[in-house]
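Single-structure report; data block below.
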Amino acid sequence: VLDVTVAGERYIWMSFEGFGTLCLDWYTKNAWHYHSKNSPLSNFDKPINFGDASVWFASSHGVIKAYESAYTMYNQKFDTSLSNIQGFFAAGNQSFLLAAANSLMHLQYTNGHLQPPKVIGQLPAGEGIIHLCRSYDNHNYLLTNRISKLYRYHGKGTGITPAHDLNKAIAPRLAGVRGYYSSSLQSVLFAQSGKVWQIGPQGKLTKIPVTGADSPYLRGFTELSGGAVWGIHLDGVCKLVNKQFVPVKLIPALPPTAEIISIAAVNDTLWLGTLTDGLYGITEQNHCLVRVVHVHEKNGLWGNSVYKLMNDADGDVWMITNRGLQCLRQTPEGRRPVAVHIPGYKYEGLLYAGLQTDSVGQVWFYNTHSLLSIKRRQ
């Protein structure tokens with residue numbers, strides 16, 4: 001067996017080496033066999049299911065949507081869209097932007113189905129997209145590529161254009177950097193050593209210094225419900241105060257081995273993900289940060305490496321750990337980690353994976369080869 005996925009809690013899809021593809025109906029015990037003589041479904045890789053009874057996958061023939069013995073094939077080639085995924089962004093009601101390889105595409109998710117992608121624009125060969133970030137409003141986005149250039153996408157299918165003004169000012173040292181959109185500042189923040197660049201409406205560029213840190217390169221940003229913007233670096237946590245990032249003392253201090261690599265905010269609590277020491281919850285008190293909880297492998301965390309953090313509309317904290325996707329859920333007894341088990345899905349490429357939410361509160365997980373949707377809890 002090469003690959004397995006489950007569709008609608010009823011259908012099991014299996015790909016076999018030298019045997020083709022089998023769809024098994026768990027309820028009726030019926031099965032449908034696809035092989036090279038009767039169907040392009042004879043081999044598939046990394047199928048995607050969005051909670052209904054069908055599966056989507058790409059093959060050398062294009063995009064295929066399959067259900068039991070029936071399938072629909074879209075002639076438009078989709079073989080690069082589900083590989084090298086570097087950015088996945090909710091762009092309206094069940095509408096998404098997908099950055100993969102050199103292309104930026106628009107995806108529409110309607111009535112449980114993902115519509116065929118529309119290529120919006122492409123970067124020159126060899127300039128693969130590293131990251132996609134929302135800009136100063138809902139229709140403007142910034143892209144970074146492999147050779148330290150910034151591009152703009154102005155929305156509504158208008159294509160990609162080089163950001164010459166920004167490239168001249170800040171791009172030479174932006175290779176691989178991911179931007180962060182701040183709703184309170186209505187700006188995108190890009191970090192460089194010793195400074196942060198703020199790109200505001202109409203591309204206004206402001207330099208924000210980082211002070212009081214031995215390693216003044218910010219790895220990530222977040223903001224609390226009151227609008228305060230926070231950042232993380234090798235030495236700890238800092239806060240944007242009077243147009244500069246200043247360090248804030250943690251009480252008690254984190255262990256020397258607890259290197260902070262991710263950050264998120266829920267209400268008045270900051271959540272810090274570390275490379276080897278799990279997850280910390282902290283709150284601001286009297287101009288200091290006080291630890292309120294530590295979650296690790298011994299009390300429910302899947303893995304002690306927390307690569308990415310994100311809060312959703314329900315106040316839950318989502319984590320990508322070194323062993324898979326997990327949610328820190330609020331319960332009457334307090335927050336507890338809940339593992340996300342997806343039948344037939346093998347977590348891979350977690351160091352480069354990401355999380356997003358859409359307009360209806362659904363959580364999306366993506367890595368370099370697949371997209372997963374997780375329905376909002378009732």
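Chain labels follow the order of the structure tokens: the first chain is A, the next B, and so on; residue numbering restarts at 1 in every chain, and ligands are counted from 1 in their shown order.
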Shell around Asp25 (chain A) at 7 Å using only C-alpha atoms, local window under 3 positions removed, as a ChimeraX atom specification:
/A:10-12,28-31
Neighbours of Phe190 (chain A) within 10 Å (only C-alpha atoms; same-chain residues fewer than 2 positions away dropped), as a list in words?
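Listed by chain and then number, they are Ile170, Ala171, Leu174, Val177, Arg178, Gly179, Tyr180, Tyr181, Ser187, Val188, Gln192, Lys195, Val196, Trp197, Gln198, Ile199, Lys207, Leu218, Arg219, Gly220 and Phe221 of chain A.
You will find CA of His296 (chain A) at 10.7 Å from CA of Thr321 (chain A).
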Given only C-alpha atoms as the counted atoms, nearest of A:Asn286, A:Thr331, A:Asn167, A:Thr274 to Ser262 (chain A)
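For Ser262 (chain A), the nearest of the candidates is A:Thr274.
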Apply DSSP to the backbone of this structure and, from region 164-356 of chain A, keep only the residues in strand (DSSP E or B); write these as a PyMOL selection string.
chain A and resi 180-182+187-192+195-199+205-210+220-223+229-233+236-241+244-248+250-251+260-266+269-274+279-285+288-295+306-311+317-321+324-331+334-339+354-356
